[in-house]
Structures are given as C-alpha cells and as structure tokens.
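Coordinates from query-v2.cif are shown below (mmCIF, C-alpha atoms).
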data_coords
#
loop_
_atom_site.group_PDB
_atom_site.id
_atom_site.type_symbol
_atom_site.label_atom_id
_atom_site.label_comp_id
_atom_site.auth_asym_id
_atom_site.auth_seq_id
_atom_site.Cartn_x
_atom_site.Cartn_y
_atom_site.Cartn_z
ATOM 1 C CA MET F 177 113.894 109.420 117.160
ATOM 2 C CA ILE F 178 115.431 106.314 118.639
ATOM 3 C CA ALA F 179 118.910 105.343 117.421
ATOM 4 C CA LEU F 180 118.933 102.279 115.276
ATOM 5 C CA TYR F 181 120.991 100.125 117.563
ATOM 6 C CA ASP F 182 123.594 97.917 115.862
ATOM 7 C CA ILE F 183 122.122 98.017 112.366
ATOM 8 C CA PRO F 184 123.472 100.752 110.069
ATOM 9 C CA THR F 185 120.861 103.068 108.592
ATOM 10 C CA SER F 186 120.378 103.685 104.898
ATOM 11 C CA ARG F 187 118.891 106.509 102.872
ATOM 12 C CA THR F 188 115.810 104.403 102.055
ATOM 13 C CA MET F 189 115.237 103.619 105.688
ATOM 14 C CA SER F 190 115.625 107.255 106.682
ATOM 15 C CA ALA F 191 113.180 108.263 103.940
ATOM 16 C CA VAL F 192 110.611 105.712 105.140
ATOM 17 C CA LEU F 193 110.978 106.862 108.742
ATOM 18 C CA ARG F 194 110.653 110.502 107.623
ATOM 19 C CA TRP F 195 107.416 109.565 105.844
ATOM 20 C CA VAL F 196 106.177 107.888 109.046
ATOM 21 C CA ASP F 197 107.087 111.011 111.025
ATOM 22 C CA PHE F 198 105.212 113.115 108.491
ATOM 23 C CA TYR F 199 101.898 111.285 108.363
ATOM 24 C CA THR F 200 101.847 110.683 112.101
ATOM 25 C CA SER F 201 102.366 114.400 112.758
ATOM 26 C CA PHE F 202 98.653 114.946 112.060
ATOM 27 C CA VAL F 203 97.369 112.499 114.671
ATOM 28 C CA PRO F 204 97.262 112.694 118.493
ATOM 29 C CA ALA F 205 100.730 112.395 120.064
ATOM 30 C CA ASN F 206 100.170 109.092 121.895
ATOM 31 C CA VAL F 207 98.810 107.368 118.765
ATOM 32 C CA ALA F 208 101.650 108.820 116.689
ATOM 33 C CA GLN F 209 104.306 107.650 119.115
ATOM 34 C CA GLU F 210 102.968 104.083 119.131
ATOM 35 C CA ARG F 211 102.840 103.976 115.350
ATOM 36 C CA CYS F 212 106.389 105.358 115.019
ATOM 37 C CA GLN F 213 107.770 102.839 117.504
ATOM 38 C CA GLU F 214 105.970 99.972 115.822
ATOM 39 C CA LEU F 215 107.245 100.936 112.372
ATOM 40 C CA LEU F 216 110.765 101.449 113.696
ATOM 41 C CA SER F 217 110.685 97.968 115.198
ATOM 42 C CA ASP F 218 109.312 96.496 111.953
ATOM 43 C CA ILE F 219 112.001 98.103 109.794
ATOM 44 C CA TYR F 220 114.712 97.096 112.236
ATOM 45 C CA GLU F 221 113.451 93.494 112.224
ATOM 46 C CA GLN F 222 113.391 93.445 108.415
ATOM 47 C CA LEU F 223 116.966 94.742 108.271
ATOM 48 C CA ALA F 224 118.116 92.251 110.893
ATOM 49 C CA ASP F 225 116.312 89.434 109.078
ATOM 50 C CA GLY F 226 117.902 90.438 105.764
ATOM 51 C CA GLN F 227 121.363 90.550 107.303
ATOM 52 C CA GLN F 228 120.794 87.186 108.959
ATOM 53 C CA ARG F 229 119.875 85.745 105.577
ATOM 54 C CA GLU F 230 122.980 87.406 104.134
ATOM 55 C CA LEU F 231 121.063 89.611 101.725
ATOM 56 C CA SER F 232 122.858 92.657 100.367
ATOM 57 C CA GLN F 233 121.807 96.182 101.357
ATOM 58 C CA GLY F 234 120.810 96.596 97.720
ATOM 59 C CA ALA F 235 118.204 93.862 98.157
ATOM 60 C CA ILE F 236 116.927 94.919 101.582
ATOM 61 C CA ASP F 237 116.408 98.617 100.785
ATOM 62 C CA PRO F 238 114.056 98.104 97.801
ATOM 63 C CA ALA F 239 112.053 95.584 99.855
ATOM 64 C CA ILE F 240 111.570 98.141 102.627
ATOM 65 C CA ALA F 241 110.748 100.904 100.135
ATOM 66 C CA SER F 242 108.276 98.631 98.351
ATOM 67 C CA ARG F 243 106.451 97.879 101.595
ATOM 68 C CA ALA F 244 106.260 101.572 102.432
ATOM 69 C CA LEU F 245 104.955 102.472 98.959
ATOM 70 C CA ARG F 246 102.365 99.687 98.878
ATOM 71 C CA GLY F 247 101.095 100.737 102.291
ATOM 72 C CA LEU F 248 100.972 104.434 101.419
ATOM 73 C CA PRO F 249 97.200 104.665 100.703
ATOM 74 C CA ALA F 250 96.438 102.787 103.934
ATOM 75 C CA ASP F 251 98.776 105.152 105.831
ATOM 76 C CA LEU F 252 96.874 108.157 104.518
ATOM 77 C CA ILE F 253 93.492 106.632 105.393
ATOM 78 C CA TRP F 254 94.723 105.708 108.866
ATOM 79 C CA SER F 255 96.115 109.185 109.436
ATOM 80 C CA ARG F 256 92.921 110.854 108.244
ATOM 81 C CA LYS F 257 90.816 108.616 110.493
ATOM 82 C CA HIS F 258 92.850 109.446 113.595
ATOM 83 C CA GLN F 259 92.944 113.111 112.660
ATOM 84 C CA ARG F 260 89.142 113.116 112.653
ATOM 85 C CA LYS F 261 89.006 111.176 115.916
ATOM 86 C CA GLY F 262 91.351 113.700 117.526
ATOM 87 C CA LYS F 263 89.262 116.616 116.293
ATOM 88 C CA LYS F 264 86.050 115.016 117.603
ATOM 89 C CA MET F 265 87.613 114.565 121.017
ATOM 90 C CA ASN F 266 88.767 118.188 121.095
ATOM 91 C CA THR F 267 85.466 119.728 120.075
ATOM 92 C CA SER F 268 82.257 119.471 121.995
ATOM 93 C CA PRO F 269 79.302 118.789 119.711
ATOM 94 C CA ALA F 270 76.896 120.154 122.339
ATOM 95 C CA THR F 271 78.088 123.748 121.939
ATOM 96 C CA PRO F 272 78.321 124.652 118.257
ATOM 97 C CA GLN F 273 79.544 128.211 117.827
ATOM 98 C CA PRO F 274 77.671 130.351 115.306
ATOM 99 C CA SER F 275 80.006 131.868 112.772
ATOM 100 C CA ASN F 276 79.718 134.599 110.177
ATOM 101 C CA ALA F 277 82.817 133.396 108.384
ATOM 102 C CA PRO F 278 82.379 132.642 104.691
ATOM 103 C CA VAL F 279 81.971 128.989 103.788
ATOM 104 C CA THR F 280 85.347 127.661 102.693
ATOM 105 C CA ILE F 281 86.466 124.274 101.585
ATOM 106 C CA ARG F 282 89.038 123.018 104.069
ATOM 107 C CA LEU F 283 91.046 120.160 102.743
ATOM 108 C CA SER F 284 93.236 117.893 104.822
ATOM 109 C CA SER F 285 96.972 118.556 104.678
ATOM 110 C CA LEU F 286 97.452 115.100 103.210
ATOM 111 C CA VAL F 287 95.025 115.911 100.390
ATOM 112 C CA TRP F 288 97.082 119.041 99.603
ATOM 113 C CA VAL F 289 100.264 116.956 99.529
ATOM 114 C CA ALA F 290 98.575 114.462 97.198
ATOM 115 C CA LEU F 291 97.409 117.332 94.943
ATOM 116 C CA ALA F 292 100.918 118.817 94.888
ATOM 117 C CA ILE F 293 102.375 115.436 93.857
ATOM 118 C CA LEU F 294 99.696 115.024 91.182
ATOM 119 C CA ALA F 295 100.332 118.516 89.825
ATOM 120 C CA LEU F 296 104.083 117.946 89.856
ATOM 121 C CA PHE F 297 103.541 114.763 87.872
ATOM 122 C CA GLY F 298 101.377 116.705 85.402
ATOM 123 C CA VAL F 299 104.031 119.391 84.933
ATOM 124 C CA ALA F 300 106.802 116.803 84.596
ATOM 125 C CA THR F 301 104.969 114.731 81.972
ATOM 126 C CA SER F 302 104.005 117.783 79.915
ATOM 127 C CA ILE F 303 107.578 119.114 79.991
ATOM 128 C CA THR F 304 108.777 115.675 78.869
ATOM 129 C CA GLU F 305 106.282 115.816 76.013
ATOM 130 C CA PHE F 306 107.595 119.215 74.919
ATOM 131 C CA VAL F 307 111.271 118.387 75.225
ATOM 132 C CA GLU F 308 111.417 114.832 73.941
ATOM 133 C CA TYR F 309 108.529 114.546 71.539
ATOM 134 C CA GLY F 310 107.775 118.095 70.541
ATOM 135 C CA GLY F 311 104.219 117.804 71.819
ATOM 136 C CA ASN F 312 103.345 114.754 69.752
ATOM 137 C CA ARG F 313 104.563 111.713 71.571
ATOM 138 C CA PHE F 314 104.249 108.793 69.201
ATOM 139 C CA GLY F 315 103.573 110.523 65.924
ATOM 140 C CA TYR F 316 99.970 109.346 65.973
ATOM 141 C CA VAL F 317 96.883 110.285 67.954
ATOM 142 C CA PRO F 318 95.505 107.413 70.071
ATOM 143 C CA TRP F 319 92.440 109.448 71.066
ATOM 144 C CA PRO F 320 91.174 112.898 70.021
ATOM 145 C CA GLY F 321 93.491 115.555 71.386
ATOM 146 C CA ALA F 322 96.138 113.168 72.739
ATOM 147 C CA GLY F 323 99.716 114.065 71.929
ATOM 148 C CA ASN F 324 98.507 117.349 70.511
ATOM 149 C CA ILE F 325 100.594 120.413 71.317
ATOM 150 C CA ASN F 326 97.454 122.275 72.422
ATOM 151 C CA THR F 327 96.522 119.473 74.841
ATOM 152 C CA THR F 328 100.037 119.561 76.272
ATOM 153 C CA VAL F 329 99.822 123.335 76.732
ATOM 154 C CA VAL F 330 96.478 122.953 78.549
ATOM 155 C CA GLN F 331 97.979 120.181 80.710
ATOM 156 C CA ILE F 332 101.022 122.233 81.703
ATOM 157 C CA VAL F 333 98.949 125.335 82.470
ATOM 158 C CA CYS F 334 96.402 123.399 84.591
ATOM 159 C CA SER F 335 99.157 121.519 86.432
ATOM 160 C CA ALA F 336 101.097 124.710 87.107
ATOM 161 C CA VAL F 337 97.963 126.501 88.339
ATOM 162 C CA LEU F 338 97.332 123.616 90.765
ATOM 163 C CA LEU F 339 100.987 123.113 91.702
ATOM 164 C CA ILE F 340 101.601 126.627 93.014
ATOM 165 C CA PRO F 341 98.860 126.790 95.699
ATOM 166 C CA ALA F 342 99.133 123.077 96.551
ATOM 167 C CA THR F 343 102.888 123.351 97.165
ATOM 168 C CA PHE F 344 102.512 126.616 99.044
ATOM 169 C CA ILE F 345 99.789 125.254 101.354
ATOM 170 C CA SER F 346 101.597 121.906 101.872
ATOM 171 C CA VAL F 347 104.862 123.612 102.844
ATOM 172 C CA LYS F 348 103.053 126.130 105.054
ATOM 173 C CA ARG F 349 101.213 123.385 106.907
ATOM 174 C CA LEU F 350 104.349 121.276 107.243
ATOM 175 C CA ILE F 351 106.166 124.235 108.827
ATOM 176 C CA HIS F 352 103.158 124.832 111.069
ATOM 177 C CA HIS F 353 103.118 121.176 112.199
ATOM 178 C CA ASN F 354 106.844 121.139 112.828
ATOM 179 C CA ALA F 355 106.616 124.356 114.853
ATOM 180 C CA ARG F 356 103.772 122.878 116.907
ATOM 181 C CA GLN F 357 105.766 119.722 117.595
ATOM 182 C CA ALA F 358 108.933 121.570 118.574
ATOM 183 C CA MET D 158 93.815 89.036 105.454
ATOM 184 C CA GLU D 159 92.121 89.229 108.885
ATOM 185 C CA LEU D 160 91.419 85.500 108.895
ATOM 186 C CA ARG D 161 95.014 84.673 108.024
ATOM 187 C CA VAL D 162 96.199 86.969 110.822
ATOM 188 C CA LEU D 163 93.898 85.202 113.283
ATOM 189 C CA GLU D 164 95.142 81.792 112.133
ATOM 190 C CA ILE D 165 98.782 82.860 112.475
ATOM 191 C CA ALA D 166 98.125 84.429 115.875
ATOM 192 C CA GLN D 167 96.395 81.258 117.062
ATOM 193 C CA ASN D 168 99.260 79.057 115.870
ATOM 194 C CA ALA D 169 101.750 81.364 117.579
ATOM 195 C CA GLU D 170 99.708 81.097 120.757
ATOM 196 C CA LEU D 171 99.804 77.299 120.560
ATOM 197 C CA ASP D 172 103.563 77.330 119.905
ATOM 198 C CA ARG D 173 104.006 79.897 122.707
ATOM 199 C CA LYS D 174 105.832 82.224 120.312
ATOM 200 C CA PRO D 175 105.439 85.995 120.591
ATOM 201 C CA MET D 176 103.745 87.471 117.542
ATOM 202 C CA TYR D 177 104.720 90.981 116.429
ATOM 203 C CA GLY D 178 104.408 93.077 113.286
ATOM 204 C CA PHE D 179 107.326 91.855 111.194
ATOM 205 C CA ALA D 180 106.847 88.209 112.244
ATOM 206 C CA LEU D 181 103.198 88.498 111.163
ATOM 207 C CA ALA D 182 104.170 90.085 107.844
ATOM 208 C CA SER D 183 106.668 87.267 107.188
ATOM 209 C CA ALA D 184 104.119 84.597 108.069
ATOM 210 C CA LEU D 185 101.482 86.305 105.907
ATOM 211 C CA SER D 186 103.733 86.452 102.846
ATOM 212 C CA GLY D 187 104.087 82.675 102.716
ATOM 213 C CA ASP D 188 106.965 82.909 100.222
ATOM 214 C CA GLY D 189 109.898 83.184 102.539
ATOM 215 C CA GLY D 190 109.471 86.919 103.013
ATOM 216 C CA LYS D 191 109.955 87.949 99.377
ATOM 217 C CA SER D 192 106.805 90.079 99.171
ATOM 218 C CA LEU D 193 105.857 91.262 102.605
ATOM 219 C CA THR D 194 102.588 93.080 103.253
ATOM 220 C CA GLY D 195 102.883 96.860 103.008
ATOM 221 C CA HIS D 196 103.452 98.664 106.312
ATOM 222 C CA GLY D 197 100.291 100.727 106.107
ATOM 223 C CA THR D 198 98.108 97.815 105.052
ATOM 224 C CA LEU D 199 99.383 95.543 107.819
ATOM 225 C CA TYR D 200 99.242 97.983 110.710
ATOM 226 C CA LYS D 201 95.909 99.444 109.649
ATOM 227 C CA ALA D 202 94.422 95.930 109.662
ATOM 228 C CA LEU D 203 96.024 95.089 113.013
ATOM 229 C CA ALA D 204 94.752 98.322 114.575
ATOM 230 C CA ARG D 205 91.246 97.642 113.278
ATOM 231 C CA MET D 206 91.318 94.071 114.624
ATOM 232 C CA ALA D 207 92.553 95.286 118.006
ATOM 233 C CA ASP D 208 89.843 97.975 118.070
ATOM 234 C CA VAL D 209 87.074 95.416 117.596
ATOM 235 C CA GLY D 210 88.621 93.066 120.149
ATOM 236 C CA LEU D 211 89.828 90.254 117.879
ATOM 237 C CA LEU D 212 93.421 90.800 118.992
ATOM 238 C CA GLU D 213 94.972 91.874 122.257
ATOM 239 C CA THR D 214 98.097 93.996 122.123
ATOM 240 C CA GLU D 215 100.827 94.557 124.634
ATOM 241 C CA TRP D 216 104.152 96.354 124.416
ATOM 242 C CA GLU D 217 107.129 94.194 125.209
ATOM 243 C CA ASP D 218 109.020 94.703 128.461
ATOM 244 C CA PRO D 219 111.558 97.458 127.666
ATOM 245 C CA GLU D 220 114.245 95.558 129.576
ATOM 246 C CA ILE D 221 114.119 92.712 127.046
ATOM 247 C CA ALA D 222 114.492 95.138 124.135
ATOM 248 C CA VAL D 223 117.424 96.874 125.833
ATOM 249 C CA THR D 224 119.113 93.540 126.560
ATOM 250 C CA GLU D 225 118.712 92.421 122.950
ATOM 251 C CA ARG D 226 119.723 95.890 121.657
ATOM 252 C CA ARG D 227 116.714 96.405 119.420
ATOM 253 C CA PRO D 228 113.516 98.517 119.415
ATOM 254 C CA ARG D 229 110.586 97.330 121.518
ATOM 255 C CA ARG D 230 108.127 95.008 119.840
ATOM 256 C CA ARG D 231 104.392 95.251 120.114
ATOM 257 C CA HIS D 232 103.011 91.795 120.754
ATOM 258 C CA TYR D 233 99.697 90.639 119.351
ATOM 259 C CA ARG D 234 97.685 87.805 120.858
ATOM 260 C CA ILE D 235 94.452 86.334 119.660
ATOM 261 C CA SER D 236 91.598 87.126 122.053
ATOM 262 C CA SER D 237 88.716 84.833 122.990
ATOM 263 C CA LYS D 238 86.576 86.875 120.598
ATOM 264 C CA GLY D 239 89.177 86.276 117.888
ATOM 265 C CA VAL D 240 89.163 82.532 118.551
ATOM 266 C CA ALA D 241 85.362 82.510 118.328
ATOM 267 C CA ALA D 242 85.475 84.491 115.076
ATOM 268 C CA LEU D 243 88.051 82.106 113.645
ATOM 269 C CA HIS D 244 85.979 79.064 114.566
ATOM 270 C CA ALA D 245 82.869 80.676 113.144
ATOM 271 C CA SER D 246 84.642 81.246 109.835
ATOM 272 C CA HIS D 247 85.916 77.652 109.695
ATOM 273 C CA PRO D 248 83.025 75.514 110.889
ATOM 274 C CA ALA D 249 84.009 71.970 111.815
ATOM 275 C CA PRO D 250 83.163 69.380 109.137
ATOM 276 C CA ALA D 251 79.558 68.470 109.648
ATOM 277 C CA THR D 252 78.861 64.980 110.916
ATOM 278 C CA ALA D 253 75.331 64.590 109.678
ATOM 279 C CA PRO D 254 73.080 62.885 112.201
ATOM 280 C CA HIS D 255 71.209 60.945 109.532
ATOM 281 C CA PRO D 256 73.581 60.615 106.581
ATOM 282 C CA ILE D 257 71.839 57.644 105.003
ATOM 283 C CA ALA D 258 68.426 59.300 105.077
ATOM 284 C CA THR D 259 69.732 62.356 103.234
ATOM 285 C CA LEU D 260 71.357 60.402 100.434
ATOM 286 C CA ARG D 261 69.462 60.404 97.212
ATOM 287 C CA PRO D 262 68.823 57.002 95.674
ATOM 288 C CA VAL D 263 71.162 56.144 92.817
ATOM 289 C CA GLN D 264 69.388 55.964 89.506
ATOM 290 C CA PRO D 265 70.078 52.760 87.565
#
Would you mind writing the file out in structure tokens?
Amino acid sequence: MIALYDIPTSRTMSAVLRWVDFYTSFVPANVAQERCQELLSDIYEQLADGQQRELSQGAIDPAIASRALRGLPADLIWSRKHQRKGKKMNTSPATPQPSNAPVTIRLSSLVWVALAILALFGVATSITEFVEYGGNRFGYVPWPGAGNINTTVVQIVCSAVLLIPATFISVKRLIHHNARQA
Amino acid sequence: MELRVLEIAQNAELDRKPMYGFALASALSGDGGKSLTGHGTLYKALARMADVGLLETEWEDPEIAVTERRPRRRHYRISSKGVAALHASHPAPATAPHPIATLRPVQP
C-alpha cells in the first residue's frame, strides 16, 4: 500500500482501506489496483480538505466512515460483478467439462461474510435479551412469540448454527485469498 | 445521480478544471461537503458511466502527484456521447413555430 504522504493516518482510515483491500481481493488484479488507488486518492483528498477547512480529526473520521458504510452495498455488488467477469474471462464456454461431482451450492465469499455478520448480530441480540431483559424485553409481547424466552432460545440456536460454518468458511477463504496474493 | 455527474463534468470542462472522484463527490453533495456520496455508490456509478462511454477517464501524470506529494487522481471528462445524453435529457425550451395557432381561445 502507498504511504499516505504528509497526512497522518487514523484508525478509521486504516479500517476503510482494509475494507477496500478485502473486497478488491476477489476481483482481477488490474481492476483491484485501480480501485484501491482511486479510493486512496479520495480518502486523502477528504482528509486534506478537512484539514484545510480546519475540521478536527474527530469530525473527519466519522465522515469518512459514513461514506464507506453508505457505499458498502454498492461495493459488494461491484465486487461480485467483477468477480463474475473475471471468471467468465478465465473459463471458455465452448468446452464445458462433464463432471460427476455432486451438485453443491457455491456461495460467494462476500455472501459468507454477510451471513457471518448477520449470524453474529443474531447471537449478540439474543444474548442481550437473556442478560438484560431475561428473555422478555419490554414486559409485553408486541407480536406472538416476540420477547418470549423460547423465541430467544430458537434465535440463539439458529444464529449459532449459522455463525459457526459462516465464520469458518469466511476465515478460510480470507486466508486462501491472502496466500494467493502473497 | 448520473445526470448531475454529467452536468458537473460539463461545467468542469467549460471551466477547464480537472474533475476527479472527491471533487465530484463534493460537487454532488451541494451542501458544502457535509454529506458526501458513499464511496461505493460514487465509484460504481462512475465506472458504469465510463463503461457505456458517457465519461472518459485518464490517470493523472504521476509526476504531478509526486510534486504535490499526494496520491494520483483519476480524471473524468465528459465524452461527446455524454454531452449528447445530457442535451437529450434537458431539451432546449421549445420555440413553437405557430404559437398563436395553438393557443386555445379564451372563454368569456
């Protein structure tokens, strides 16, 4: 990664650039490099602009983080699109290879990451329900089953069942991608 | 958003100012840069517009970036196709050839 010139880096900025590195690791190298450079330039310009306008680091960092978060779905769609493009270019449609392998559902690495985050959120909210509200959040039931201890148990079990494979596959693929890039 | 980008790119072209990602985001926000367009949203739209030929892109000369001690910018310019698309979306006010004939008579 390119050094950030005269502007000091921050944890938010590093996190955003790490996210850029992550989602571009699935796309062809030339496309990834252009995207990384463009984002680096954008973040640098925003920092420089903030400093020129005498904004505090505490004001600039949330603005950068907000832009990254709001653009997150578009980043994933962009990455998926280029991933597909790259795969199409690497495989010749004229010579399909017959296979006896069982039919499996292959999900994109980004989908696994999204599932892991979703499952983590499910586990976290159900634990909060147990710890803080004893399984009945507001003392009333807004819809059948809500806030019920049984519903919370089902939620935590389902989330945990999803979290384990999703985390395992996400980490495995991340290691695989990093090894391929090294 | 595409139309606004084309308008901004055309104005930049007229003012002979280079247009790049952050400058576009600032111009798009229209509130002094308080709520800039998300990174993903902006660059996905720019890539799509470049793919269909509405914008032309060019990386800045690395020497300039080195001299100014900052990362290289990717410049965006409106293409002839982009200008045509912009004009098509904002048709010039019609000067009716027979305005009097098309007016309906005023009822007393």
Residues matched by the PyMOL selection byres ((chain F) within 12 of (chain D)) as JSON, numbers by chain: {"F": [177, 178, 179, 180, 181, 182, 183, 192, 193, 195, 196, 199, 200, 207, 210, 211, 212, 213, 214, 215, 216, 217, 218, 219, 220, 221, 222, 223, 224, 225, 226, 229, 231, 235, 236, 238, 239, 240, 241, 242, 243, 244, 245, 246, 247, 248, 249, 250, 251, 252, 253, 254, 255, 256, 257, 258]}
Atomic separation - CA of Ile303 (chain F) relative to CA of Asn326 (chain F), Å: 13.0 Å
Please define a box with edges along x, y and z of the file around all atoms of region 204-216 of chain D given in the file, extend it by 8 Å on each side, and return its centre and edge lengths in Å to one decimal, as JSON.
{"center_x": 95.6, "center_y": 94.3, "center_z": 119.0, "size_x": 33.1, "size_y": 24.1, "size_z": 27.4}
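Computed from the coordinates, the CA of Leu338 (chain F) to CA of Leu291 (chain F) distance equals 7.5 Å.
Comparing the minimum interatomic distances between Ala208 (chain F) and each of F:Glu305, F:Ile293, F:Val347, F:Gln259, counting all atoms listed in the file, we find that F:Gln259 sits nearest.
The space between CA of Phe297 (chain F) and CA of Ala342 (chain F) spans 12.8 Å.
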Residue members of the PyMOL selection byres ((chain D and resi 165) around 12) in the file shown, as a count of residues only: 35
Could you list, as a CSV table (one decimal) with C-alpha atoms, keeping the file's coordinate frame, every residue matched by the PyMOL selection byres ((chain F and resi 339) around 12) in this structure?
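Writing done, so here's selection-v7.csv:
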chain,number,residue,atom,x,y,z
F,288,TRP,CA,97.1,119.0,99.6
F,289,VAL,CA,100.3,117.0,99.5
F,290,ALA,CA,98.6,114.5,97.2
F,291,LEU,CA,97.4,117.3,94.9
F,292,ALA,CA,100.9,118.8,94.9
F,293,ILE,CA,102.4,115.4,93.9
F,294,LEU,CA,99.7,115.0,91.2
F,295,ALA,CA,100.3,118.5,89.8
F,296,LEU,CA,104.1,117.9,89.9
F,297,PHE,CA,103.5,114.8,87.9
F,298,GLY,CA,101.4,116.7,85.4
F,299,VAL,CA,104.0,119.4,84.9
F,300,ALA,CA,106.8,116.8,84.6
F,331,GLN,CA,98.0,120.2,80.7
F,332,ILE,CA,101.0,122.2,81.7
F,333,VAL,CA,98.9,125.3,82.5
F,334,CYS,CA,96.4,123.4,84.6
F,335,SER,CA,99.2,121.5,86.4
F,336,ALA,CA,101.1,124.7,87.1
F,337,VAL,CA,98.0,126.5,88.3
F,338,LEU,CA,97.3,123.6,90.8
F,340,ILE,CA,101.6,126.6,93.0
F,341,PRO,CA,98.9,126.8,95.7
F,342,ALA,CA,99.1,123.1,96.6
F,343,THR,CA,102.9,123.4,97.2
F,344,PHE,CA,102.5,126.6,99.0
F,345,ILE,CA,99.8,125.3,101.4
F,346,SER,CA,101.6,121.9,101.9
F,347,VAL,CA,104.9,123.6,102.8
